[in-house]
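Some notes on the structure that comes next.
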Amino acid sequence: MIDKPRVEVSDSIRRWNVFLSSMAVVLITLDSTIANIALPRIQTDLNLSNDQIPWILTSYILANAVFMPLTGFLADRFGKRELLMGSVIGFVATSLLCGMSQNLEQLVMARVLQGVSGAFLLPVSQAILLDIHTKATYSRAVGMWSMGIIIGPIIGPSIGGYLTDTLSWHWVFLVNLPLGIPLILGLAMVLPECPKQPDRKIDLRGFLYLGLAVGLMQLLIDRGEGEHWLESWEIRFELVFSLVFFAIFFIHTIGRKQPFIQLACFKDANYVAGVFFASCTNWVVYGTAALLPGYFQGVMRYSVIDAGMLMVPRGVGMLIALTILSRLPVARNPRPYIAFGFALVAWSLSLMCNFSTDITSEYIIWTGVLQGIGTSFVFMPTNVLCYLTLPAHLQTDAASSVGLIRNLSGSIGISA
């Protein structure tokens, strides 16, 4: 990362960009979890079978994973400002379509479009922050930005449960309108014009190979449990051909002057280390987060809303840690903070091994806060580490690559 920002803006514009980028991230991450709690009600209202209901989630996740790698090309060709605005507008519009759906076909198609429009939001918002901040100020900015990634999944189940119980399942999607419209207006006023590469060409074959590889891998991860993994010919097919298309993509990409994704970012040791640490974190945290709501409701007999509330302390711990980290010199050397964070996460997981029907809610809250603090101490410094020595022209492709890898590792963690 260079000492001078690529795009010069005033301090107030810089602060507003950080805040609104964080809110955009909340919008996208909120929707990744808010719909889960409404699935039983959707199944009843639309008269769906158990085999049909997973497609409401899979359609979104699959489209999001396949199209996220396009971020680098679209941001360079058309501009980061234009891509972020289009992504937020598309996400809000497709949320309206989801809320208006009257059958499974309409809902799945709307979810696909929602996944496509939301695929670019995380990496391009981070790329804009990289453009307008120096190495010294980026760590504080990414701390605020990271809060959006953290808050959404934590409050999603609680808000989803409340809206489903008091209104209808349609509102888990329609809630994006009152959140998204002011966000669009705010972004239109403060987003800066970032450098473009209008002559960059798209590598369609590279996109096809990577899209097929990622799509098949995501299908394998999402459907493996229900199909009994390698006992199913479908899962075997998806595994073999996903690996084949990954291999074809790498062979096709190496040596190209204008590849679909610039793999040169993986030559940077700090970036590779950051991707590895981020993947480990997502594996553990997403897997744990997927288990706990069902455990609280099915084993400990908490209500839907109470189970959601018990997930909130983790978010509180994350926010506390991010507040502390934003005042520390993380950019000088992120590694000690990452090591400390992993130690706290390991401690919290060891305490969670004692979970039983006899434990108190106070014990659950304590382990959640502890894990939240540890997660932030890994997550935010890892974001800084990824771009610590990475050349500026690789940052957008690097952001989309790490976003894709994080999503896949989180999905693997959930399945595991």
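Residues are named by chain letter and number: chains run A, B, ... in the order of the structure tokens, numbers start at 1 in each chain, and ligands are numbered from 1 in the order shown.
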
Tell me, as a list in words, which residues lie within 7 Å of segment 317-324 of chain A, counting only C-alpha atoms; anything in the same chain fewer than 6 positions away does not count.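 After dropping sequence-adjacent residues, the list is Gly143, Met147, Val369, Leu370, Gly372, Ile373, Thr375, Ser376 and Phe377 of chain A.
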
Restricting the calculation to only C-alpha atoms, which member of A:Leu291, A:Ala343, A:Ala307, A:Leu216 is positioned closest to Leu408 of chain A?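 Under the stated criterion, the closest residue is A:Leu216.
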
Which distance in Å separates atom CA of Trp16 of chain A and atom CA of Ala127 of chain A, to one decimal?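 So the two atoms, atom CA of Trp16 of chain A and atom CA of Ala127 of chain A, lie 15.4 Å apart.
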
Write down as a PyMOL selection string the residues of segment 38-214 of chain A whose backbone DSSP state falls under alpha helix (DSSP H). chain A and resi 39-45+54-67+71-78+80-100+104-118+121-132+135-166+171-174+176-190+204-214

As an mmCIF file with N, CA and C atoms, in the first residue's frame, please: the residues near Cys265 of chain A (cut-off 9 Å, only C-alpha atoms, same-chain neighbours under 4 positions excluded).
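Ended up saving to part-v1.cif:
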```cif
data_model
loop_
_atom_site.group_PDB
_atom_site.id
_atom_site.type_symbol
_atom_site.label_atom_id
_atom_site.label_comp_id
_atom_site.auth_asym_id
_atom_site.auth_seq_id
_atom_site.Cartn_x
_atom_site.Cartn_y
_atom_site.Cartn_z
ATOM 1 N N ALA A 269 3.383 -12.092 -0.249
ATOM 2 C CA ALA A 269 3.323 -12.988 0.907
ATOM 3 C C ALA A 269 2.321 -12.512 1.952
ATOM 4 N N TYR A 271 -0.406 -10.781 1.438
ATOM 5 C CA TYR A 271 -1.758 -11.030 0.933
ATOM 6 C C TYR A 271 -2.145 -12.497 1.117
ATOM 7 N N VAL A 272 -1.237 -13.399 0.777
ATOM 8 C CA VAL A 272 -1.518 -14.839 0.921
ATOM 9 C C VAL A 272 -1.751 -15.192 2.382
ATOM 10 N N LEU A 390 0.694 -4.705 -1.029
ATOM 11 C CA LEU A 390 0.146 -5.036 -2.346
ATOM 12 C C LEU A 390 0.130 -3.795 -3.239
ATOM 13 N N PRO A 391 0.603 -3.894 -4.492
ATOM 14 C CA PRO A 391 0.549 -2.743 -5.408
ATOM 15 C C PRO A 391 -0.884 -2.278 -5.637
ATOM 16 N N LEU A 394 -3.402 -3.823 -8.209
ATOM 17 C CA LEU A 394 -3.909 -5.182 -7.970
ATOM 18 C C LEU A 394 -5.003 -5.224 -6.906
ATOM 19 N N GLN A 395 -5.269 -4.096 -6.253
ATOM 20 C CA GLN A 395 -6.112 -4.119 -5.057
ATOM 21 C C GLN A 395 -7.562 -4.509 -5.338
ATOM 22 N N ASP A 397 -8.867 -6.446 -7.852
ATOM 23 C CA ASP A 397 -8.931 -7.879 -8.102
ATOM 24 C C ASP A 397 -8.660 -8.668 -6.821
ATOM 25 N N ALA A 398 -7.729 -8.157 -6.011
ATOM 26 C CA ALA A 398 -7.414 -8.833 -4.756
ATOM 27 C C ALA A 398 -8.608 -8.831 -3.813
#
```

Which residue, A:Ser10, A:Ser415, A:Asn270, A:Ser87, has the smallest gap to Val116 of chain A when you use only C-alpha atoms?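 Residue with the minimum atom-to-atom distance to Val116 of chain A: A:Ser87.
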
Polymer residues at most 7 Å from segment 273-287 of chain A, only C-alpha atoms, same-chain spacing of 4 or more positions, as number ranges by chain: A: 269, 291, 379, 382-383, 385-386, 402, 405-406, 409-410, 412-414

Identify, on the basis of only C-alpha atoms, every residue whose closest approach to Ser350 of chain A does not exceed 12 Å; exclude the query and any residue fewer than 4 positions from it along the same chain; express the result as a ChimeraX atom specification. /A:343-346,354-355,367,370-371

Spatial neighbours of Gly115 of chain A, 9 Å, only C-alpha atoms, chain gap at least 2 places, as a PyMOL selection string: chain A and resi 59-65+67+91+94+110-113+117-119

Residue nearest Pro381 of chain A among A:Leu204, A:Leu96, A:Val312, A:Val142 (counting only C-alpha atoms):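 Closest candidate: A:Val142.
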
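The coordinates place atom CA of Asp222 of chain A at 10.7 Å from atom CA of Ala416 of chain A.
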
Residues near Glu105 of chain A, anyone? I mean within 12 Å using only C-alpha atoms, not counting same-chain ones fewer than 4 positions away, as a PyMOL selection string. chain A and resi 46+48+52-53+55-56+59+97-98+101+109-112

Nearest to Ile13 of chain A among A:Ile132, A:Leu163, A:Met352, A:Val175, with distances taken over only C-alpha atoms: which residue is it?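 Smallest distance to Ile13 of chain A is found for A:Ile132.
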
Which of A:Ser158, A:Gln258, A:Thr137, A:Ser400 sits closest to Ser303 of chain A [using only C-alpha atoms]: A:Ser158

Top pick for closest residue to Pro40 of chain A, considering A:Asp203, A:Glu193, A:Asp165, A:Asp306 and counting only C-alpha atoms: A:Asp165

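Here atom CA of Ile159 of chain A is placed at a distance of 14.2 Å from atom CA of Pro178 of chain A.
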